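Here's work-v2.csv, which has CSV, C-alpha atoms (C1' of nucleotides):
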```
chain,number,residue,atom,x,y,z
A,2,MET,CA,45.1,111.5,-21.8
A,3,PHE,CA,45.3,114.4,-24.1
A,4,PRO,CA,42.1,116.5,-23.8
A,5,LYS,CA,40.8,118.3,-26.8
A,6,LEU,CA,42.0,121.9,-27.0
A,7,ASP,CA,39.5,124.6,-27.7
A,8,PRO,CA,40.3,125.5,-31.3
A,9,LEU,CA,39.2,129.0,-30.7
A,10,LEU,CA,41.8,129.6,-28.1
A,11,HIS,CA,44.5,127.4,-29.6
A,12,SER,CA,45.6,130.1,-32.0
A,13,GLU,CA,48.6,132.3,-31.3
A,14,LEU,CA,46.9,135.6,-31.8
A,15,ARG,CA,43.5,134.8,-30.2
A,16,LEU,CA,45.3,133.3,-27.2
A,17,ALA,CA,47.4,136.5,-26.8
A,18,ILE,CA,44.3,138.6,-27.0
A,19,ILE,CA,42.5,136.5,-24.4
A,20,SER,CA,45.6,136.5,-22.2
A,21,ILE,CA,45.7,140.3,-22.3
A,22,LEU,CA,42.0,140.7,-21.7
A,23,ALA,CA,42.1,138.3,-18.8
A,24,GLY,CA,44.4,140.7,-17.0
A,25,VAL,CA,42.7,144.0,-17.6
A,26,GLU,CA,39.3,145.6,-17.2
A,27,GLU,CA,39.2,146.4,-20.9
A,28,ALA,CA,41.5,147.1,-23.8
A,29,ASP,CA,41.0,149.0,-27.1
A,30,PHE,CA,41.9,147.9,-30.6
A,31,ASN,CA,45.2,149.7,-30.7
A,32,TYR,CA,46.4,148.6,-27.4
A,33,LEU,CA,45.8,145.0,-28.5
A,34,LYS,CA,47.5,145.7,-31.7
A,35,GLU,CA,50.6,147.1,-30.0
A,36,GLN,CA,50.8,144.4,-27.5
A,37,THR,CA,50.3,141.5,-29.9
A,38,GLY,CA,52.1,143.0,-32.9
A,39,ALA,CA,49.3,141.8,-35.1
A,40,SER,CA,48.2,143.6,-38.2
A,41,SER,CA,44.9,145.5,-38.1
A,42,GLY,CA,43.2,143.1,-40.5
A,43,ASN,CA,44.2,140.0,-38.6
A,44,LEU,CA,43.3,141.6,-35.3
A,45,SER,CA,39.9,142.6,-36.6
A,46,VAL,CA,39.1,139.1,-37.8
A,47,GLN,CA,40.2,137.5,-34.6
A,48,ILE,CA,38.4,139.7,-32.2
A,49,ASP,CA,35.3,139.1,-34.2
A,50,LYS,CA,35.6,135.4,-33.9
A,51,LEU,CA,36.1,135.7,-30.1
A,52,ALA,CA,33.1,137.9,-29.9
A,53,GLU,CA,30.9,135.5,-32.0
A,54,ALA,CA,31.9,132.8,-29.6
A,55,GLY,CA,30.8,135.0,-26.7
A,56,TYR,CA,34.3,135.0,-25.2
A,57,ILE,CA,34.7,138.8,-25.4
A,58,SER,CA,32.4,141.7,-25.9
A,59,ILE,CA,33.2,144.5,-28.4
A,60,GLU,CA,32.0,148.0,-27.9
A,61,LYS,CA,32.2,150.6,-30.6
A,62,GLY,CA,32.3,154.2,-29.5
A,63,PHE,CA,34.3,157.4,-30.0
A,64,LYS,CA,37.2,159.0,-28.4
A,65,GLY,CA,36.6,162.6,-29.3
A,66,LYS,CA,35.8,162.3,-33.0
A,67,MET,CA,37.8,159.2,-33.7
A,68,PRO,CA,36.2,155.7,-33.7
A,69,ARG,CA,37.3,153.5,-30.8
A,70,THR,CA,36.8,149.8,-30.4
A,71,THR,CA,36.9,148.5,-26.9
A,72,CYS,CA,37.2,144.8,-26.0
A,73,LYS,CA,36.4,143.1,-22.7
A,74,ILE,CA,36.5,139.4,-21.7
A,75,THR,CA,33.2,137.9,-20.7
A,76,SER,CA,32.8,135.5,-17.8
A,77,SER,CA,32.3,132.7,-20.4
A,78,GLY,CA,35.5,133.7,-22.1
A,79,MET,CA,37.3,133.7,-18.7
A,80,GLU,CA,36.1,130.2,-18.0
A,81,ALA,CA,37.0,129.0,-21.5
A,82,PHE,CA,40.5,130.4,-21.0
A,83,ARG,CA,40.9,128.7,-17.7
A,84,SER,CA,39.9,125.3,-18.9
A,85,TYR,CA,42.0,125.8,-22.0
A,86,VAL,CA,45.0,126.4,-19.8
A,87,LYS,CA,44.2,123.4,-17.7
A,88,ALA,CA,43.9,121.2,-20.7
A,89,LEU,CA,47.0,122.5,-22.3
A,90,LYS,CA,49.1,121.8,-19.3
A,91,LYS,CA,48.5,118.1,-19.8
A,92,TYR,CA,50.5,118.4,-23.0
A,93,LEU,CA,53.5,120.1,-21.5
A,94,VAL,CA,54.6,117.9,-18.7
A,95,ALA,CA,57.8,116.4,-20.0
A,96,GLY,CA,58.9,119.7,-21.5
A,97,LYS,CA,60.0,121.1,-18.1
B,14,MET,CA,55.8,140.3,-24.5
B,15,PHE,CA,54.3,137.4,-26.5
B,16,PRO,CA,57.1,135.4,-28.0
B,17,LYS,CA,56.4,133.7,-31.3
B,18,LEU,CA,55.3,130.1,-30.9
B,19,ASP,CA,56.9,127.5,-33.0
B,20,PRO,CA,54.2,126.6,-35.5
B,21,LEU,CA,55.4,123.1,-35.9
B,22,LEU,CA,54.7,122.4,-32.2
B,23,HIS,CA,51.6,124.7,-31.9
B,24,SER,CA,49.4,122.0,-33.3
B,25,GLU,CA,47.3,119.8,-31.2
B,26,LEU,CA,48.4,116.5,-32.7
B,27,ARG,CA,52.1,117.3,-33.2
B,28,LEU,CA,52.3,118.7,-29.6
B,29,ALA,CA,50.8,115.4,-28.3
B,30,ILE,CA,53.2,113.4,-30.3
B,31,ILE,CA,56.2,115.4,-29.0
B,32,SER,CA,54.8,115.3,-25.5
B,33,ILE,CA,54.7,111.5,-25.6
B,34,LEU,CA,58.1,111.1,-27.2
B,35,ALA,CA,59.7,113.5,-24.7
B,36,GLY,CA,58.7,111.0,-22.0
B,37,VAL,CA,59.8,107.7,-23.5
B,38,GLU,CA,62.8,106.1,-25.2
B,39,GLU,CA,60.8,105.4,-28.3
B,40,ALA,CA,57.3,104.7,-29.5
B,41,ASP,CA,55.8,103.0,-32.5
B,42,PHE,CA,53.2,104.2,-34.8
B,43,ASN,CA,50.3,102.3,-33.2
B,44,TYR,CA,51.2,103.4,-29.7
B,45,LEU,CA,51.1,107.0,-30.8
B,46,LYS,CA,47.9,106.3,-32.6
B,47,GLU,CA,46.3,104.8,-29.5
B,48,GLN,CA,47.6,107.5,-27.1
B,49,THR,CA,46.6,110.4,-29.3
B,50,GLY,CA,43.4,109.0,-30.8
B,51,ALA,CA,44.5,110.3,-34.2
B,52,SER,CA,43.7,108.7,-37.5
B,53,SER,CA,46.5,106.8,-39.3
B,54,GLY,CA,46.5,109.3,-42.1
B,55,ASN,CA,46.8,112.3,-39.9
B,56,LEU,CA,49.4,110.7,-37.7
B,57,SER,CA,51.5,109.7,-40.8
B,58,VAL,CA,51.4,113.2,-42.1
B,59,GLN,CA,52.3,114.8,-38.8
B,60,ILE,CA,55.2,112.5,-37.9
B,61,ASP,CA,56.6,113.2,-41.3
B,62,LYS,CA,56.5,116.9,-40.6
B,63,LEU,CA,58.2,116.5,-37.3
B,64,ALA,CA,60.9,114.3,-38.9
B,65,GLU,CA,61.5,116.7,-41.8
B,66,ALA,CA,62.1,119.4,-39.1
B,67,GLY,CA,64.5,117.1,-37.4
B,68,TYR,CA,62.5,117.0,-34.3
B,69,ILE,CA,62.0,113.2,-34.4
B,70,SER,CA,63.6,110.3,-36.1
B,71,ILE,CA,61.6,107.6,-37.8
B,72,GLU,CA,62.8,104.1,-38.3
B,73,LYS,CA,61.1,101.6,-40.4
B,74,GLY,CA,61.6,97.9,-39.6
B,75,PHE,CA,59.6,94.8,-39.0
B,76,LYS,CA,58.1,93.1,-36.1
B,77,GLY,CA,58.0,89.5,-37.4
B,78,LYS,CA,56.7,90.0,-40.9
B,79,MET,CA,54.6,93.1,-40.2
B,80,PRO,CA,56.0,96.5,-40.9
B,81,ARG,CA,56.7,98.6,-37.9
B,82,THR,CA,57.5,102.3,-37.6
B,83,THR,CA,59.3,103.6,-34.6
B,84,CYS,CA,59.6,107.2,-33.6
B,85,LYS,CA,62.1,108.8,-31.3
B,86,ILE,CA,62.6,112.4,-30.3
B,87,THR,CA,65.9,114.0,-31.2
B,88,SER,CA,67.9,116.4,-29.0
B,89,SER,CA,66.9,119.2,-31.3
B,90,GLY,CA,63.3,118.2,-30.9
B,91,MET,CA,63.7,118.1,-27.2
B,92,GLU,CA,65.1,121.5,-27.2
B,93,ALA,CA,62.4,122.9,-29.4
B,94,PHE,CA,59.8,121.4,-27.1
B,95,ARG,CA,61.3,123.0,-24.1
B,96,SER,CA,61.5,126.4,-25.6
B,97,TYR,CA,58.0,126.1,-26.9
B,98,VAL,CA,56.7,125.3,-23.4
B,99,LYS,CA,58.7,128.2,-22.0
B,100,ALA,CA,57.3,130.6,-24.6
B,101,LEU,CA,53.7,129.3,-24.3
B,102,LYS,CA,53.7,129.9,-20.6
B,103,LYS,CA,54.0,133.6,-21.2
B,104,TYR,CA,50.5,133.3,-22.7
B,105,LEU,CA,48.9,131.6,-19.8
B,106,VAL,CA,49.6,133.7,-16.8
B,107,ALA,CA,46.2,135.2,-16.1
B,108,GLY,CA,44.4,131.9,-16.8
B,109,LYS,CA,45.4,130.4,-13.5
C,21,DA,C1',44.3,77.2,-52.1
C,22,DT,C1',41.8,81.1,-52.2
C,23,DA,C1',38.8,84.5,-50.6
C,24,DA,C1',37.8,87.6,-46.8
C,25,DA,C1',39.3,90.3,-43.2
C,26,DC,C1',42.9,92.8,-40.9
C,27,DA,C1',47.3,95.5,-40.2
C,28,DA,C1',50.1,99.3,-41.0
C,29,DG,C1',50.6,102.7,-43.1
C,30,DT,C1',50.7,106.4,-47.4
C,31,DT,C1',48.5,109.5,-50.7
C,32,DT,C1',45.1,112.5,-52.1
C,33,DA,C1',41.3,115.7,-51.4
C,34,DT,C1',38.8,119.0,-48.8
C,35,DG,C1',37.5,122.3,-45.7
C,36,DA,C1',39.0,125.5,-42.2
C,37,DT,C1',42.4,129.0,-40.6
C,38,DA,C1',45.7,132.5,-40.2
C,39,DT,C1',47.5,136.1,-42.3
C,40,DA,C1',48.4,139.8,-45.3
C,41,DA,C1',47.0,142.9,-48.8
C,42,DA,C1',43.8,146.0,-50.5
C,43,DC,C1',40.3,149.0,-49.5
C,44,DT,C1',37.1,152.5,-47.0
C,45,DA,C1',35.9,156.5,-44.5
C,46,DA,C1',36.8,160.1,-41.7
C,47,DA,C1',40.0,163.2,-39.2
C,48,DA,C1',44.3,165.6,-38.6
C,49,DT,C1',48.1,167.9,-40.7
C,50,DT,C1',50.7,170.7,-44.0
D,22,DA,C1',42.8,171.9,-50.6
D,23,DA,C1',45.7,168.2,-50.8
D,24,DT,C1',48.2,164.8,-48.2
D,25,DT,C1',48.8,161.9,-44.5
D,26,DT,C1',47.2,159.4,-40.6
D,27,DT,C1',44.0,156.8,-37.9
D,28,DA,C1',41.0,153.1,-37.3
D,29,DG,C1',39.5,149.9,-38.8
D,30,DT,C1',36.8,146.2,-42.5
D,31,DT,C1',36.7,143.2,-46.5
D,32,DT,C1',38.7,140.2,-49.6
D,33,DA,C1',42.2,137.1,-51.3
D,34,DT,C1',45.7,133.8,-50.7
D,35,DA,C1',48.5,130.3,-48.9
D,36,DT,C1',49.0,127.0,-45.4
D,37,DC,C1',47.2,123.5,-42.4
D,38,DA,C1',44.8,119.8,-40.1
D,39,DT,C1',42.1,116.3,-40.9
D,40,DA,C1',39.6,112.6,-43.0
D,41,DA,C1',38.7,109.6,-46.8
D,42,DA,C1',40.4,106.7,-50.1
D,43,DC,C1',43.9,103.8,-51.4
D,44,DT,C1',48.1,100.4,-51.2
D,45,DT,C1',50.7,96.5,-49.8
D,46,DG,C1',51.2,92.8,-47.6
D,47,DT,C1',49.6,89.3,-43.8
D,48,DT,C1',46.5,86.5,-41.2
D,49,DT,C1',42.5,83.8,-40.8
D,50,DA,C1',38.6,81.3,-42.3
D,51,DT,C1',36.5,78.2,-45.9
```

Would you kindly transcribe this structure into structure tokens?
Amino acid sequence: MFPKLDPLLHSELRLAIISILAGVEEADFNYLKEQTGASSGNLSVQIDKLAEAGYISIEKGFKGKMPRTTCKITSSGMEAFRSYVKALKKYLVAGK
Amino acid sequence: MFPKLDPLLHSELRLAIISILAGVEEADFNYLKEQTGASSGNLSVQIDKLAEAGYISIEKGFKGKMPRTTCKITSSGMEAFRSYVKALKKYLVAGK
DNA sequence: ATAAACAAGTTTATGATATAAACTAAAATT
DNA sequence: AATTTTAGTTTATATCATAAACTTGTTTAT
């Protein structure tokens, strides 16, 4: 009746990150920070977790001389997101 | 862009509890336990939290001689559930 | 009648998690 | 040259979800 929710995605910040990345080609650290309102530290930790799970890829490069971290959702991450959403919807029925 | 999610409801078990209670007049402890698959301990803790927040009411009585705990969603809980669902949906767009 | 098993929970302990605070290193600004 | 800003990472803390252990009382079996 209530399917298990992927704990990696059932987290406010990680879900927001994935939700953003699902809609764009890629996004850098600061864009994610702006959009989510997260602190740098929290964001850093959470993208690492998503990357370790293979849900996103993180690329470190430079924009001019400044470091630049770019994130991209993987196909595995996209799939995980879809099934998370599907599962979650089973919890929301009565809530209109 | 990403509204804050009520942390009381953004929990797998508590969300399942509220989701059930939103659809029925009332439910007793064991029914919730069966439907959610939760352990007694976990369920006990989580309904207490929901009750402390005023999202549900807990009534203790007896069925014959055996103790019986009945839960019911409050109007405040119903409202919280609705706005949680509304908020959550903003996170799910791209996930189909 | 009494011991064993079961019912319905509650309390306590533990391990994971989210988050913030403190820190690092380099670049840009004054 | 000193200060501030950028772009993060690492560490610490406080909360949380969950399970394990316990409690209280009731059936059931001997």

Response to the item:
From the list A:Tyr85, A:Tyr92, A:Phe30, A:Tyr56, the nearest residue to chain D using only C-alpha atoms (C1' of nucleotides) is A:Phe30

Can you build me a table of chain C residues sitting at most 9 Å from chain B, with the closest atom pair per residue and its distance in Å to one decimal, using all atoms listed in the file, sorted by chain and residue number, as JSON lines?
```
{"residue": "C:DA27", "atom": "C1'", "partner": "B:Met79", "partner_atom": "CA", "distance": 7.7}
{"residue": "C:DA28", "atom": "C1'", "partner": "B:Pro80", "partner_atom": "CA", "distance": 6.5}
{"residue": "C:DG29", "atom": "C1'", "partner": "B:Ser53", "partner_atom": "CA", "distance": 6.9}
{"residue": "C:DT30", "atom": "C1'", "partner": "B:Gly54", "partner_atom": "CA", "distance": 7.4}
{"residue": "C:DT31", "atom": "C1'", "partner": "B:Gly54", "partner_atom": "CA", "distance": 8.8}
```

Fill in: Which residue of A:Thr71, A:Gly62, A:Leu93, A:Ala81 approaches Glu25 in chain B most closely, using all atoms listed in the file
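Going through A:Thr71, A:Gly62, A:Leu93, A:Ala81 one by one, the smallest distance to Glu25 in chain B is for A:Leu93.
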
Discussion item. With distances taken over all atoms listed in the file, which residue among A:Arg83, A:Lys50, A:Arg15, A:Lys91 lies nearest chain B?
Written reply: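 The answer is A:Arg83, which sits nearest to chain B.
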
Practice prompt. Write out as a PyMOL selection string the residues lying within 9 Å of Leu33 in chain A, counting all atoms listed in the file and excluding same-chain residues fewer than 5 positions away.
Written response: chain A and resi 17-18+21-22+28+38-39+44+72

Discussion item. At a cut-off of 7 Å, which residues of chain A touch chain B? Count only C-alpha atoms and give the answer as a VMD selection string.
Written reply: chain A and resid 3 16 to 17 20 23 to 24 37 82 to 83 86 92 to 93 95 to 97

Worksheet item: Using all atoms listed in the file, which of the listed residues (D:DT25, D:DT36, D:DT47, D:DT30) sits closest to chain B?
Response: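 Checking each candidate against chain B, we get D:DT47 as the closest.
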
Worksheet entry | Residue list for chain D near chain B as a PyMOL selection string, 10 Å, only C-alpha atoms (C1' of nucleotides) | chain D and resi 37-41+46-47

List as a tab-separated table (two decimals) with C-alpha atoms (C1' of nucleotides), in the coordinates of the input the protein and nucleic acid residues near DA33 in chain D, meaning an atom at most 12 Å away when all atoms listed in the file are counted, but skip any in the same chain fewer than 5 places from it.
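Heads up, here's the output in around05.tsv:
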```tsv
chain	number	residue	atom	x	y	z
C	39	DT	C1'	47.50	136.10	-42.30
C	40	DA	C1'	48.40	139.80	-45.30
C	41	DA	C1'	47.00	142.90	-48.80
C	42	DA	C1'	43.80	146.00	-50.50
```

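CA of Ser58 in chain A sits 21.6 Å away from C1' of DA38 in chain C.
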
Worksheet entry | CA of Ile86 in chain B to CA of Asp61 in chain B, distance in Å rounded to a single decimal |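 Pair CA of Ile86 in chain B / CA of Asp61 in chain B returns 12.6 Å.
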
Item to complete: Work out how far apart C1' of DT26 in chain D and CA of Ile48 in chain A are and give it in Å to one decimal.
Response: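 Straight-line distance from C1' of DT26 in chain D to CA of Ile48 in chain A works out to 23.2 Å.
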
Complete the atoms of range 26-53 of chain A to N, CA and C atoms and put them out as a PDB file, in the frame of the given file.
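Written file, selection.pdb:
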```pdb
ATOM      1  N   GLU A  26      40.762 145.330 -17.174  1.00  0.00           N
ATOM      2  CA  GLU A  26      39.300 145.600 -17.200  1.00  0.00           C
ATOM      3  C   GLU A  26      38.832 145.603 -18.660  1.00  0.00           C
ATOM      4  N   GLU A  27      39.545 146.348 -19.512  1.00  0.00           N
ATOM      5  CA  GLU A  27      39.200 146.400 -20.900  1.00  0.00           C
ATOM      6  C   GLU A  27      40.411 146.872 -21.715  1.00  0.00           C
ATOM      7  N   ALA A  28      40.371 146.692 -23.018  1.00  0.00           N
ATOM      8  CA  ALA A  28      41.500 147.100 -23.800  1.00  0.00           C
ATOM      9  C   ALA A  28      40.953 147.546 -25.202  1.00  0.00           C
ATOM     10  N   ASP A  29      41.508 148.618 -25.756  1.00  0.00           N
ATOM     11  CA  ASP A  29      41.000 149.000 -27.100  1.00  0.00           C
ATOM     12  C   ASP A  29      41.842 148.392 -28.183  1.00  0.00           C
ATOM     13  N   PHE A  30      41.293 148.512 -29.370  1.00  0.00           N
ATOM     14  CA  PHE A  30      41.900 147.900 -30.600  1.00  0.00           C
ATOM     15  C   PHE A  30      43.367 148.170 -30.674  1.00  0.00           C
ATOM     16  N   ASN A  31      43.759 149.405 -30.515  1.00  0.00           N
ATOM     17  CA  ASN A  31      45.200 149.700 -30.700  1.00  0.00           C
ATOM     18  C   ASN A  31      46.075 149.202 -29.637  1.00  0.00           C
ATOM     19  N   TYR A  32      45.569 149.137 -28.446  1.00  0.00           N
ATOM     20  CA  TYR A  32      46.400 148.600 -27.400  1.00  0.00           C
ATOM     21  C   TYR A  32      46.637 147.085 -27.701  1.00  0.00           C
ATOM     22  N   LEU A  33      45.603 146.396 -28.102  1.00  0.00           N
ATOM     23  CA  LEU A  33      45.800 145.000 -28.500  1.00  0.00           C
ATOM     24  C   LEU A  33      46.728 144.844 -29.643  1.00  0.00           C
ATOM     25  N   LYS A  34      46.615 145.786 -30.566  1.00  0.00           N
ATOM     26  CA  LYS A  34      47.500 145.700 -31.700  1.00  0.00           C
ATOM     27  C   LYS A  34      48.955 145.913 -31.330  1.00  0.00           C
ATOM     28  N   GLU A  35      49.183 146.883 -30.472  1.00  0.00           N
ATOM     29  CA  GLU A  35      50.600 147.100 -30.000  1.00  0.00           C
ATOM     30  C   GLU A  35      51.101 145.905 -29.252  1.00  0.00           C
ATOM     31  N   GLN A  36      50.320 145.433 -28.318  1.00  0.00           N
ATOM     32  CA  GLN A  36      50.800 144.400 -27.500  1.00  0.00           C
ATOM     33  C   GLN A  36      51.017 143.055 -28.200  1.00  0.00           C
ATOM     34  N   THR A  37      50.187 142.809 -29.176  1.00  0.00           N
ATOM     35  CA  THR A  37      50.300 141.500 -29.900  1.00  0.00           C
ATOM     36  C   THR A  37      51.222 141.638 -31.110  1.00  0.00           C
ATOM     37  N   GLY A  38      51.371 142.855 -31.638  1.00  0.00           N
ATOM     38  CA  GLY A  38      52.100 143.000 -32.900  1.00  0.00           C
ATOM     39  C   GLY A  38      51.388 142.552 -34.107  1.00  0.00           C
ATOM     40  N   ALA A  39      50.107 142.314 -33.963  1.00  0.00           N
ATOM     41  CA  ALA A  39      49.300 141.800 -35.100  1.00  0.00           C
ATOM     42  C   ALA A  39      48.986 142.979 -36.059  1.00  0.00           C
ATOM     43  N   SER A  40      48.666 142.604 -37.281  1.00  0.00           N
ATOM     44  CA  SER A  40      48.200 143.600 -38.200  1.00  0.00           C
ATOM     45  C   SER A  40      46.737 143.921 -37.903  1.00  0.00           C
ATOM     46  N   SER A  41      46.285 145.074 -38.362  1.00  0.00           N
ATOM     47  CA  SER A  41      44.900 145.500 -38.100  1.00  0.00           C
ATOM     48  C   SER A  41      43.917 144.444 -38.608  1.00  0.00           C
ATOM     49  N   GLY A  42      44.167 144.009 -39.823  1.00  0.00           N
ATOM     50  CA  GLY A  42      43.200 143.100 -40.500  1.00  0.00           C
ATOM     51  C   GLY A  42      43.108 141.786 -39.668  1.00  0.00           C
ATOM     52  N   ASN A  43      44.243 141.239 -39.329  1.00  0.00           N
ATOM     53  CA  ASN A  43      44.200 140.000 -38.600  1.00  0.00           C
ATOM     54  C   ASN A  43      43.519 140.209 -37.231  1.00  0.00           C
ATOM     55  N   LEU A  44      43.871 141.288 -36.569  1.00  0.00           N
ATOM     56  CA  LEU A  44      43.300 141.600 -35.300  1.00  0.00           C
ATOM     57  C   LEU A  44      41.744 141.705 -35.389  1.00  0.00           C
ATOM     58  N   SER A  45      41.323 142.439 -36.394  1.00  0.00           N
ATOM     59  CA  SER A  45      39.900 142.600 -36.600  1.00  0.00           C
ATOM     60  C   SER A  45      39.157 141.316 -36.769  1.00  0.00           C
ATOM     61  N   VAL A  46      39.708 140.454 -37.601  1.00  0.00           N
ATOM     62  CA  VAL A  46      39.100 139.100 -37.800  1.00  0.00           C
ATOM     63  C   VAL A  46      39.033 138.335 -36.536  1.00  0.00           C
ATOM     64  N   GLN A  47      40.136 138.329 -35.808  1.00  0.00           N
ATOM     65  CA  GLN A  47      40.200 137.500 -34.600  1.00  0.00           C
ATOM     66  C   GLN A  47      39.344 137.929 -33.476  1.00  0.00           C
ATOM     67  N   ILE A  48      39.255 139.231 -33.262  1.00  0.00           N
ATOM     68  CA  ILE A  48      38.400 139.700 -32.200  1.00  0.00           C
ATOM     69  C   ILE A  48      36.906 139.396 -32.546  1.00  0.00           C
ATOM     70  N   ASP A  49      36.611 139.458 -33.819  1.00  0.00           N
ATOM     71  CA  ASP A  49      35.300 139.100 -34.200  1.00  0.00           C
ATOM     72  C   ASP A  49      34.925 137.654 -33.908  1.00  0.00           C
ATOM     73  N   LYS A  50      35.879 136.784 -34.167  1.00  0.00           N
ATOM     74  CA  LYS A  50      35.600 135.400 -33.900  1.00  0.00           C
ATOM     75  C   LYS A  50      35.446 135.156 -32.375  1.00  0.00           C
ATOM     76  N   LEU A  51      36.261 135.825 -31.599  1.00  0.00           N
ATOM     77  CA  LEU A  51      36.100 135.700 -30.100  1.00  0.00           C
ATOM     78  C   LEU A  51      34.791 136.233 -29.675  1.00  0.00           C
ATOM     79  N   ALA A  52      34.356 137.298 -30.320  1.00  0.00           N
ATOM     80  CA  ALA A  52      33.100 137.900 -29.900  1.00  0.00           C
ATOM     81  C   ALA A  52      31.916 137.002 -30.334  1.00  0.00           C
ATOM     82  N   GLU A  53      32.010 136.430 -31.523  1.00  0.00           N
ATOM     83  CA  GLU A  53      30.900 135.500 -32.000  1.00  0.00           C
ATOM     84  C   GLU A  53      30.790 134.325 -31.044  1.00  0.00           C
TER      85      GLU A  53
END
```
